[in-house]
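Trainee: Input structure: data.cif, which contains mmCIF, C-alpha atoms.
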```
data_work
loop_
_atom_site.group_PDB
_atom_site.id
_atom_site.type_symbol
_atom_site.label_atom_id
_atom_site.label_comp_id
_atom_site.auth_asym_id
_atom_site.auth_seq_id
_atom_site.Cartn_x
_atom_site.Cartn_y
_atom_site.Cartn_z
ATOM 1 C CA MET A 14 -12.284 31.198 -64.574
ATOM 2 C CA LEU A 15 -11.314 28.066 -62.672
ATOM 3 C CA PRO A 16 -10.250 25.306 -65.118
ATOM 4 C CA MET A 17 -11.340 21.773 -64.217
ATOM 5 C CA VAL A 18 -9.627 18.697 -65.642
ATOM 6 C CA HIS A 19 -10.339 15.000 -65.857
ATOM 7 C CA ALA A 20 -6.742 13.829 -65.627
ATOM 8 C CA GLU A 21 -5.960 10.804 -67.771
ATOM 9 C CA ASN A 22 -3.612 10.439 -70.729
ATOM 10 C CA GLY A 23 -6.184 9.996 -73.493
ATOM 11 C CA ASP A 24 -3.781 8.794 -76.173
ATOM 12 C CA MET A 25 -2.328 6.122 -73.915
ATOM 13 C CA VAL A 26 -5.806 5.062 -72.750
ATOM 14 C CA ALA A 27 -6.875 4.582 -76.377
ATOM 15 C CA LEU A 28 -3.766 2.513 -77.078
ATOM 16 C CA GLY A 29 -4.296 0.476 -73.912
ATOM 17 C CA GLN A 30 -7.894 -0.257 -74.848
ATOM 18 C CA GLU A 31 -6.841 -1.591 -78.244
ATOM 19 C CA MET A 32 -4.082 -3.739 -76.768
ATOM 20 C CA ILE A 33 -6.200 -5.216 -73.964
ATOM 21 C CA TYR A 34 -9.122 -5.950 -76.296
ATOM 22 C CA ALA A 35 -6.776 -7.586 -78.819
ATOM 23 C CA GLN A 36 -5.583 -9.937 -76.066
ATOM 24 C CA GLY A 37 -9.107 -11.310 -75.769
ATOM 25 C CA ILE A 38 -10.052 -9.419 -72.604
ATOM 26 C CA HIS A 39 -13.492 -8.010 -73.321
ATOM 27 C CA GLY A 40 -15.118 -7.867 -69.864
ATOM 28 C CA PRO A 41 -15.263 -5.018 -67.302
ATOM 29 C CA GLU A 42 -11.805 -5.962 -66.005
ATOM 30 C CA GLY A 43 -10.455 -4.676 -69.326
ATOM 31 C CA HIS A 44 -11.541 -1.203 -68.292
ATOM 32 C CA ALA A 45 -9.194 -1.199 -65.303
ATOM 33 C CA LEU A 46 -6.360 -2.935 -67.156
ATOM 34 C CA SER A 47 -6.421 -0.403 -69.996
ATOM 35 C CA ARG A 48 -6.350 2.624 -67.701
ATOM 36 C CA PRO A 49 -3.611 1.982 -65.086
ATOM 37 C CA ASP A 50 -2.995 4.544 -62.388
ATOM 38 C CA ILE A 51 0.243 5.755 -63.995
ATOM 39 C CA LEU A 52 -1.824 7.346 -66.791
ATOM 40 C CA GLU A 53 -3.834 9.290 -64.209
ATOM 41 C CA ILE A 54 -0.679 10.237 -62.309
ATOM 42 C CA GLU A 55 1.114 11.449 -65.457
ATOM 43 C CA ALA A 56 -1.863 13.502 -66.636
ATOM 44 C CA THR A 57 -2.405 15.039 -63.204
ATOM 45 C CA GLY A 58 1.222 16.103 -62.955
ATOM 46 C CA ARG A 59 1.133 17.452 -66.508
ATOM 47 C CA ALA A 60 -2.020 19.481 -65.868
ATOM 48 C CA VAL A 61 -0.572 20.896 -62.637
ATOM 49 C CA ARG A 62 2.644 21.945 -64.384
ATOM 50 C CA ILE A 63 0.784 23.495 -67.307
ATOM 51 C CA SER A 64 -1.334 25.495 -64.844
ATOM 52 C CA GLU A 65 1.881 26.798 -63.296
ATOM 53 C CA VAL A 66 3.213 27.908 -66.684
ATOM 54 C CA VAL A 67 -0.054 29.456 -67.843
ATOM 55 C CA GLY A 68 -0.568 31.109 -64.483
ATOM 56 C CA THR A 69 -3.957 29.878 -63.343
ATOM 57 C CA PRO A 70 -5.383 27.875 -60.445
ATOM 58 C CA LEU A 71 -6.590 24.369 -61.290
ATOM 59 C CA TYR A 72 -9.337 22.018 -60.106
ATOM 60 C CA VAL A 73 -8.605 18.294 -60.572
ATOM 61 C CA VAL A 74 -11.844 16.311 -60.509
ATOM 62 C CA HIS A 75 -12.319 12.720 -59.274
ATOM 63 C CA VAL A 76 -8.805 12.041 -57.985
ATOM 64 C CA GLN A 77 -8.694 8.244 -57.838
ATOM 65 C CA SER A 78 -5.089 7.282 -57.105
ATOM 66 C CA LYS A 79 -2.464 7.814 -54.450
ATOM 67 C CA GLY A 80 -0.006 9.039 -57.058
ATOM 68 C CA ALA A 81 -2.391 11.670 -58.419
ATOM 69 C CA ALA A 82 -2.956 12.998 -54.891
ATOM 70 C CA GLU A 83 0.818 13.179 -54.463
ATOM 71 C CA GLU A 84 1.156 15.192 -57.689
ATOM 72 C CA ILE A 85 -1.425 17.684 -56.394
ATOM 73 C CA ALA A 86 0.332 17.959 -53.038
ATOM 74 C CA ALA A 87 3.714 18.420 -54.727
ATOM 75 C CA GLY A 88 2.335 21.113 -56.997
ATOM 76 C CA ASN A 89 0.881 23.056 -54.099
ATOM 77 C CA ALA A 90 4.182 22.708 -52.252
ATOM 78 C CA ARG A 91 5.870 24.391 -55.235
ATOM 79 C CA GLY A 92 3.414 27.270 -55.074
ATOM 80 C CA ALA A 93 0.821 26.092 -57.580
ATOM 81 C CA ARG A 94 -2.818 26.562 -56.649
ATOM 82 C CA VAL A 95 -4.434 23.184 -57.164
ATOM 83 C CA ILE A 96 -7.712 21.905 -55.743
ATOM 84 C CA GLY A 97 -8.005 18.122 -55.492
ATOM 85 C CA GLU A 98 -11.379 16.392 -55.405
ATOM 86 C CA PRO A 99 -11.586 12.753 -54.316
ATOM 87 C CA ILE A 100 -14.925 11.019 -54.831
ATOM 88 C CA LEU A 101 -16.860 8.352 -52.959
ATOM 89 C CA PRO A 102 -15.933 5.364 -55.173
ATOM 90 C CA GLY A 103 -12.228 6.083 -54.754
ATOM 91 C CA LEU A 104 -12.567 6.567 -51.009
ATOM 92 C CA ALA A 105 -14.743 3.527 -50.348
ATOM 93 C CA LEU A 106 -14.520 0.871 -53.077
ATOM 94 C CA ASP A 107 -11.981 -1.602 -54.485
ATOM 95 C CA GLU A 108 -11.144 -2.412 -58.103
ATOM 96 C CA SER A 109 -11.434 -6.164 -57.503
ATOM 97 C CA VAL A 110 -15.181 -6.024 -58.147
ATOM 98 C CA LEU A 111 -14.423 -5.380 -61.840
ATOM 99 C CA TRP A 112 -13.254 -9.019 -61.986
ATOM 100 C CA ASN A 113 -16.523 -10.313 -60.511
ATOM 101 C CA ARG A 114 -17.908 -13.273 -62.495
ATOM 102 C CA ASN A 115 -21.329 -11.620 -62.442
ATOM 103 C CA TRP A 116 -20.912 -9.375 -65.497
ATOM 104 C CA THR A 117 -23.800 -7.079 -64.565
ATOM 105 C CA LYS A 118 -22.410 -6.441 -61.104
ATOM 106 C CA ALA A 119 -18.899 -5.828 -62.418
ATOM 107 C CA ALA A 120 -20.118 -3.448 -65.135
ATOM 108 C CA ALA A 121 -21.978 -1.380 -62.555
ATOM 109 C CA PHE A 122 -18.594 -0.260 -61.195
ATOM 110 C CA VAL A 123 -17.161 0.942 -64.517
ATOM 111 C CA MET A 124 -16.222 4.619 -64.314
ATOM 112 C CA SER A 125 -13.231 6.789 -65.238
ATOM 113 C CA PRO A 126 -10.657 7.075 -63.917
ATOM 114 C CA PRO A 127 -11.234 3.515 -62.680
ATOM 115 C CA ILE A 128 -11.694 2.579 -59.054
ATOM 116 C CA ARG A 129 -8.272 1.619 -57.671
ATOM 117 C CA LYS A 130 -6.919 -0.579 -54.879
ATOM 118 C CA GLN A 131 -8.657 0.187 -51.606
ATOM 119 C CA ALA A 132 -5.753 -0.874 -49.373
ATOM 120 C CA VAL A 133 -3.365 1.451 -51.217
ATOM 121 C CA ASP A 134 -5.176 4.220 -53.053
ATOM 122 C CA GLY A 135 -8.370 4.406 -51.014
ATOM 123 C CA LEU A 136 -6.446 4.589 -47.755
ATOM 124 C CA ALA A 137 -4.097 7.245 -49.151
ATOM 125 C CA LEU A 138 -6.989 9.334 -50.461
ATOM 126 C CA ARG A 139 -8.766 9.246 -47.095
ATOM 127 C CA HIS A 140 -5.634 10.375 -45.279
ATOM 128 C CA ALA A 141 -4.959 13.091 -47.868
ATOM 129 C CA LEU A 142 -8.505 14.366 -47.426
ATOM 130 C CA ALA A 143 -8.205 14.297 -43.639
ATOM 131 C CA SER A 144 -4.919 16.196 -43.696
ATOM 132 C CA GLY A 145 -6.060 18.866 -46.146
ATOM 133 C CA LEU A 146 -3.903 17.745 -49.082
ATOM 134 C CA LEU A 147 -7.193 17.088 -50.881
ATOM 135 C CA HIS A 148 -9.986 19.548 -50.396
ATOM 136 C CA LEU A 149 -13.579 18.378 -50.857
ATOM 137 C CA VAL A 150 -15.640 15.241 -51.545
ATOM 138 C CA GLY A 151 -17.466 14.813 -54.834
ATOM 139 C CA THR A 152 -19.319 11.873 -56.413
ATOM 140 C CA ASP A 153 -18.981 11.973 -60.221
ATOM 141 C CA HIS A 154 -22.622 10.797 -60.083
ATOM 142 C CA ALA A 155 -23.628 9.485 -63.527
ATOM 143 C CA VAL A 156 -26.008 6.554 -63.336
ATOM 144 C CA PHE A 157 -26.949 3.927 -65.906
ATOM 145 C CA ASN A 158 -29.229 0.967 -65.275
ATOM 146 C CA SER A 159 -28.199 -2.605 -65.977
ATOM 147 C CA SER A 160 -29.762 -2.681 -69.438
ATOM 148 C CA GLN A 161 -27.866 0.456 -70.427
ATOM 149 C CA LYS A 162 -24.588 -0.927 -69.091
ATOM 150 C CA ALA A 163 -25.238 -4.079 -71.139
ATOM 151 C CA ALA A 164 -24.407 -2.101 -74.295
ATOM 152 C CA GLY A 165 -20.810 -3.120 -73.605
ATOM 153 C CA ARG A 166 -21.380 -6.772 -72.754
ATOM 154 C CA ASP A 167 -19.008 -7.936 -75.502
ATOM 155 C CA ASP A 168 -16.700 -4.909 -75.423
ATOM 156 C CA PHE A 169 -15.675 -3.124 -72.224
ATOM 157 C CA ARG A 170 -14.957 0.002 -74.295
ATOM 158 C CA LYS A 171 -18.700 0.395 -74.891
ATOM 159 C CA ILE A 172 -19.824 0.109 -71.256
ATOM 160 C CA PRO A 173 -21.333 3.473 -70.243
ATOM 161 C CA ASN A 174 -19.113 5.045 -67.586
ATOM 162 C CA GLY A 175 -20.639 6.190 -64.313
ATOM 163 C CA VAL A 176 -21.805 5.204 -60.846
ATOM 164 C CA ASN A 177 -24.219 6.553 -58.246
ATOM 165 C CA GLY A 178 -23.239 8.730 -55.309
ATOM 166 C CA ILE A 179 -25.352 11.849 -54.783
ATOM 167 C CA GLU A 180 -27.711 10.287 -52.230
ATOM 168 C CA GLU A 181 -24.895 8.383 -50.539
ATOM 169 C CA ARG A 182 -22.281 11.164 -50.341
ATOM 170 C CA MET A 183 -23.020 12.481 -46.857
ATOM 171 C CA HIS A 184 -23.562 9.036 -45.336
ATOM 172 C CA VAL A 185 -20.503 7.314 -46.790
ATOM 173 C CA THR A 186 -18.237 10.268 -45.991
ATOM 174 C CA TRP A 187 -19.486 10.321 -42.402
ATOM 175 C CA GLU A 188 -18.879 6.590 -42.026
ATOM 176 C CA LEU A 189 -15.412 6.588 -43.597
ATOM 177 C CA MET A 190 -14.064 9.817 -42.187
ATOM 178 C CA VAL A 191 -15.860 10.645 -38.921
ATOM 179 C CA ASN A 192 -16.773 7.229 -37.536
ATOM 180 C CA SER A 193 -13.212 6.105 -38.275
ATOM 181 C CA GLY A 194 -11.763 8.985 -36.283
ATOM 182 C CA LEU A 195 -9.970 10.529 -39.269
ATOM 183 C CA MET A 196 -12.096 13.674 -39.125
ATOM 184 C CA THR A 197 -14.087 15.723 -36.670
ATOM 185 C CA PRO A 198 -17.703 16.642 -37.448
ATOM 186 C CA SER A 199 -16.473 20.165 -38.241
ATOM 187 C CA ASP A 200 -14.014 18.750 -40.778
ATOM 188 C CA PHE A 201 -16.903 16.793 -42.274
ATOM 189 C CA VAL A 202 -18.871 20.014 -42.765
ATOM 190 C CA ARG A 203 -15.839 21.580 -44.430
ATOM 191 C CA VAL A 204 -15.202 18.824 -47.008
ATOM 192 C CA THR A 205 -18.877 18.209 -47.822
ATOM 193 C CA SER A 206 -20.232 21.757 -47.814
ATOM 194 C CA THR A 207 -18.123 24.769 -46.908
ATOM 195 C CA ALA A 208 -15.147 24.094 -49.181
ATOM 196 C CA ALA A 209 -17.368 23.730 -52.259
ATOM 197 C CA SER A 210 -19.183 26.981 -51.523
ATOM 198 C CA LYS A 211 -15.848 28.786 -51.335
ATOM 199 C CA ILE A 212 -14.191 27.104 -54.308
ATOM 200 C CA PHE A 213 -17.154 27.915 -56.543
ATOM 201 C CA ASN A 214 -17.544 31.424 -55.112
ATOM 202 C CA MET A 215 -20.933 31.024 -53.416
ATOM 203 C CA HIS A 216 -19.694 31.733 -49.900
ATOM 204 C CA PRO A 217 -21.153 33.099 -47.610
ATOM 205 C CA ARG A 218 -24.503 32.739 -49.379
ATOM 206 C CA LYS A 219 -23.920 28.984 -49.184
ATOM 207 C CA GLY A 220 -21.726 26.868 -46.941
ATOM 208 C CA VAL A 221 -22.266 28.680 -43.655
ATOM 209 C CA VAL A 222 -25.056 29.098 -41.098
ATOM 210 C CA ALA A 223 -25.183 32.866 -40.612
ATOM 211 C CA VAL A 224 -27.466 35.872 -40.816
ATOM 212 C CA GLY A 225 -28.050 36.707 -44.471
ATOM 213 C CA SER A 226 -27.022 33.269 -45.783
ATOM 214 C CA ASP A 227 -29.447 30.830 -47.366
ATOM 215 C CA ALA A 228 -30.847 28.564 -44.650
ATOM 216 C CA ASP A 229 -29.638 25.314 -46.239
ATOM 217 C CA VAL A 230 -29.150 22.835 -43.404
ATOM 218 C CA ILE A 231 -29.126 19.083 -42.907
ATOM 219 C CA LEU A 232 -29.672 17.370 -39.578
ATOM 220 C CA LEU A 233 -27.687 14.147 -39.239
ATOM 221 C CA ASP A 234 -28.447 11.772 -36.387
ATOM 222 C CA PRO A 235 -25.126 10.029 -35.599
ATOM 223 C CA THR A 236 -26.827 7.126 -33.807
ATOM 224 C CA ILE A 237 -29.096 5.754 -36.541
ATOM 225 C CA ARG A 238 -27.841 2.612 -38.261
ATOM 226 C CA HIS A 239 -28.887 1.809 -41.812
ATOM 227 C CA THR A 240 -27.744 -0.135 -44.854
ATOM 228 C CA LEU A 241 -27.312 1.293 -48.342
ATOM 229 C CA SER A 242 -29.165 -0.603 -51.044
ATOM 230 C CA ALA A 243 -30.760 -0.261 -54.460
ATOM 231 C CA ALA A 244 -33.939 -1.542 -52.832
ATOM 232 C CA THR A 245 -34.220 1.533 -50.612
ATOM 233 C CA HIS A 246 -32.458 4.355 -52.461
ATOM 234 C CA HIS A 247 -34.455 7.034 -54.264
ATOM 235 C CA SER A 248 -32.778 6.852 -57.659
ATOM 236 C CA ARG A 249 -34.609 4.906 -60.361
ATOM 237 C CA VAL A 250 -31.412 3.065 -61.266
ATOM 238 C CA ASP A 251 -31.552 -0.646 -60.432
ATOM 239 C CA MET A 252 -28.009 -0.894 -59.011
ATOM 240 C CA ASN A 253 -26.064 0.688 -56.177
ATOM 241 C CA VAL A 254 -22.273 0.385 -56.014
ATOM 242 C CA PHE A 255 -22.455 0.832 -52.223
ATOM 243 C CA GLU A 256 -24.888 -2.086 -51.881
ATOM 244 C CA GLY A 257 -24.803 -3.591 -48.391
ATOM 245 C CA MET A 258 -22.606 -0.906 -46.806
ATOM 246 C CA ASN A 259 -23.562 -0.481 -43.167
ATOM 247 C CA ILE A 260 -23.644 3.131 -42.002
ATOM 248 C CA THR A 261 -23.984 4.610 -38.527
ATOM 249 C CA GLY A 262 -25.323 8.130 -38.983
ATOM 250 C CA LYS A 263 -28.245 9.239 -41.119
ATOM 251 C CA VAL A 264 -29.629 12.479 -42.503
ATOM 252 C CA VAL A 265 -33.095 12.833 -40.983
ATOM 253 C CA THR A 266 -34.034 16.369 -42.016
ATOM 254 C CA THR A 267 -33.101 18.626 -44.918
ATOM 255 C CA ILE A 268 -33.928 22.342 -44.917
ATOM 256 C CA SER A 269 -33.658 24.397 -48.112
ATOM 257 C CA ARG A 270 -33.757 28.178 -47.739
ATOM 258 C CA GLY A 271 -35.641 27.781 -44.487
ATOM 259 C CA ARG A 272 -38.204 25.257 -45.750
ATOM 260 C CA ILE A 273 -38.260 21.639 -44.613
ATOM 261 C CA VAL A 274 -38.014 19.555 -47.785
ATOM 262 C CA TRP A 275 -37.160 16.180 -46.219
ATOM 263 C CA ASN A 276 -38.141 14.928 -42.801
ATOM 264 C CA ASP A 277 -38.767 11.535 -41.250
ATOM 265 C CA GLY A 278 -38.477 9.793 -44.603
ATOM 266 C CA LYS A 279 -40.961 12.062 -46.347
ATOM 267 C CA LEU A 280 -40.230 14.409 -49.234
ATOM 268 C CA ASN A 281 -41.920 17.812 -49.397
ATOM 269 C CA VAL A 282 -40.580 19.679 -52.422
ATOM 270 C CA GLN A 283 -42.717 22.342 -54.017
ATOM 271 C CA PRO A 284 -42.426 22.808 -57.803
ATOM 272 C CA TYR A 285 -40.813 25.917 -59.245
ATOM 273 C CA THR A 286 -39.019 26.855 -56.044
ATOM 274 C CA GLY A 287 -35.485 26.203 -57.286
ATOM 275 C CA ARG A 288 -33.257 29.178 -57.979
ATOM 276 C CA TYR A 289 -30.319 29.597 -60.313
ATOM 277 C CA ILE A 290 -27.160 30.447 -58.365
ATOM 278 C CA PRO A 291 -24.601 32.351 -60.464
ATOM 279 C CA LEU A 292 -20.951 31.504 -59.878
ATOM 280 C CA PRO A 293 -18.939 34.730 -60.174
ATOM 281 C CA PRO A 294 -15.398 34.433 -61.559
ATOM 282 C CA CYS A 295 -12.296 34.608 -59.413
ATOM 283 C CA PRO A 296 -12.966 32.385 -56.378
ATOM 284 C CA PRO A 297 -11.398 33.759 -53.194
ATOM 285 C CA LEU A 298 -7.852 33.183 -52.066
ATOM 286 C CA ASP A 299 -8.683 34.024 -48.466
ATOM 287 C CA TRP A 300 -11.432 31.517 -47.812
ATOM 288 C CA ASN A 301 -12.418 33.312 -44.591
ATOM 289 C CA GLN A 302 -14.031 36.134 -46.523
ATOM 290 C CA HIS A 303 -16.163 36.533 -49.617
ATOM 291 C CA VAL A 304 -14.656 38.464 -52.505
ATOM 292 C CA GLN A 305 -15.987 39.289 -55.941
ATOM 293 C CA HIS A 306 -12.927 40.816 -57.575
ATOM 294 C CA CYS A 307 -9.847 39.185 -59.040
ATOM 295 C CA SER A 308 -7.580 41.555 -57.112
ATOM 296 C CA ASN A 309 -8.345 39.641 -53.913
ATOM 297 C CA SER A 310 -9.054 36.219 -55.324
ATOM 298 C CA LEU A 311 -7.489 32.799 -55.780
ATOM 299 C CA PHE A 312 -5.795 34.383 -58.795
ATOM 300 C CA HIS A 313 -4.264 37.247 -56.828
ATOM 301 C CA GLY A 314 -0.481 37.353 -56.851
ATOM 302 C CA ILE A 315 0.052 34.971 -59.764
ATOM 303 C CA ALA A 316 1.177 37.736 -62.128
ATOM 304 C CA GLN A 317 3.537 39.152 -59.503
ATOM 305 C CA ARG A 318 4.909 35.689 -58.818
ATOM 306 C CA ASP A 319 5.583 35.081 -62.504
ATOM 307 C CA MET A 320 7.327 38.438 -62.876
ATOM 308 C CA HIS A 321 9.491 37.724 -59.838
ATOM 309 C CA ARG A 322 10.456 34.305 -61.204
ATOM 310 C CA ALA A 323 11.234 35.795 -64.617
ATOM 311 C CA GLU A 324 13.438 38.488 -63.103
ATOM 312 C CA SER A 325 15.294 36.048 -60.863
ATOM 313 C CA GLN A 326 15.856 33.637 -63.744
ATOM 314 C CA ASN A 327 16.480 36.347 -66.348
ATOM 315 C CA ALA A 328 13.741 34.845 -68.513
ATOM 316 C CA PRO A 329 10.628 36.253 -70.218
ATOM 317 C CA VAL A 330 7.155 35.790 -68.757
ATOM 318 C CA TRP A 331 5.518 33.012 -70.771
ATOM 319 C CA ARG A 332 1.885 33.935 -70.347
ATOM 320 C CA ASN A 333 0.208 37.021 -71.744
#
```
What does this structure look like when you write it as structure tokens?
Mentor:
Amino acid sequence: MLPMVHAENGDMVALGQEMIYAQGIHGPEGHALSRPDILEIEATGRAVRISEVVGTPLYVVHVQSKGAAEEIAAGNARGARVIGEPILPGLALDESVLWNRNWTKAAAFVMSPPIRKQAVDGLALRHALASGLLHLVGTDHAVFNSSQKAAGRDDFRKIPNGVNGIEERMHVTWELMVNSGLMTPSDFVRVTSTAASKIFNMHPRKGVVAVGSDADVILLDPTIRHTLSAATHHSRVDMNVFEGMNITGKVVTTISRGRIVWNDGKLNVQPYTGRYIPLPPCPPLDWNQHVQHCSNSLFHGIAQRDMHRAESQNAPVWRN
């Protein structure tokens, strides 16, 4: 299997929450203050090193800081097999909104790990994604409306964690990465579609336009300008953390297994047409071909590598 980790030092987060709350900081800013980036960096590095000892690839979800991305890059440089997943809030947003005097607006941005500094972490994450040091774009989509977020009005520790992102993922990624010149349209396809299909072992059924593959296609018009807003999105949540973001490029048509399900602003989804897609174990090492067996997978060679290291260091193999 492919282990996935949310990398934060839980014990230190719990201690930080107690300390910050005891200082009289009860608002959403306490969330960021109690979970500094060093706790994400430490946990990411620890998880990467444990994966090296155990002898397994690793998937690090919602990478939010420059330092965590550097730990993933360093691990891969040592020969670890680590997949790093940045998400839209980390790529596009800034932590300063957590200090907004409008409590409801600030609470809307509470998620974990917290959103970091855009000029430092966001920029670094975008460049790491563009250069291949990070591998695909996720969202960590978990929405709560303003009344649900209000459960933590007097205690930031009780604010439900999560922001929107599923509907915005393609648009925001296109704006940040392609319109900025950091990525080509082909790179965009890779980090939003193809990489995920390979990592989760669905390729070439998904993630490629080819004979025999599912005809799952979006058509994006790169000339259409639009603005993201809670007033126009399709989620029933009453907030949008990307409110007011101007985008050039819009998905106009979505095709699922050869059927048009979205076109010209109209939804046409038939009930009971969804299908369960099994994810076989052992995702492929050679992402240019589809494999079903561990002998040719992302796991291939780990045992041999460990034996070679043990022999060269005259030490036993740790893992069974």
Trainee: Atom CA of Glu65 of chain A to atom CA of Gly135 of chain A: how many Å, to one decimal?
Mentor: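 Result for atom CA of Glu65 of chain A versus atom CA of Gly135 of chain A: 27.5 Å, one decimal.
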Trainee: For the file shown, report as an MDAnalysis selection string the outcome of the PyMOL selection byres ((chain A and resi 15) around 8) at residue level.
Mentor: chainID A and resid 14 16:17 69:72 294:296
Trainee: With distances taken over only C-alpha atoms, which of A:Lys263, A:His44, A:Lys79, A:His216 is nearest to Val133 of chain A?
Mentor: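 Closest candidate: A:Lys79.
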Trainee: Could you spell out the hits of the PyMOL selection byres ((chain A and resi 230) around 8) on the shown file, as a list in words?
Mentor: Val222, Ala228, Asp229, Ile231, Leu232, Thr267, Ile268 and Ser269 of chain A
Trainee: Compile the contact shell of Gln36 of chain A as a PyMOL selection string: residues with an atom at most 12 Å away, counting only C-alpha atoms, same-chain residues fewer than 5 positions apart removed.
Mentor: chain A and resi 29-31+43+46-47
Trainee: Taking the file above as input, evaluate the PyMOL selection byres ((chain A and resi 113-122) around 9) and report the hits as a VMD selection string.
Mentor: chain A and resid 40 to 42 102 108 to 112 123 to 124 127 to 128 156 to 160 162 to 163 165 to 166 169 172 to 176 252 to 254
Trainee: With distances taken over only C-alpha atoms, which residue among A:Gly23, A:Gly37, A:Gly257, A:Pro284 lies nearest Pro49 of chain A?
Mentor: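 The closest residue to Pro49 of chain A is A:Gly23.
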Trainee: Between atom CA of Met258 of chain A and atom CA of Met190 of chain A, what distance in Å does the model show, to one decimal?
Mentor: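 Separation of atom CA of Met258 of chain A and atom CA of Met190 of chain A: 14.5 Å.
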Trainee: Name the residues in contact with Ile179 of chain A at a cut-off of 12 Å, using only C-alpha atoms, excluding same-chain residues fewer than 6 positions from it; report them as a ChimeraX atom specification.
Mentor: /A:100-102,150-156,185-186,205,246-248,253-255
Trainee: When you draw a straight line from atom CA of Leu311 of chain A to atom CA of Gly92 of chain A, how long is it in Å?
Mentor: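 It comes out at 12.2 Å.
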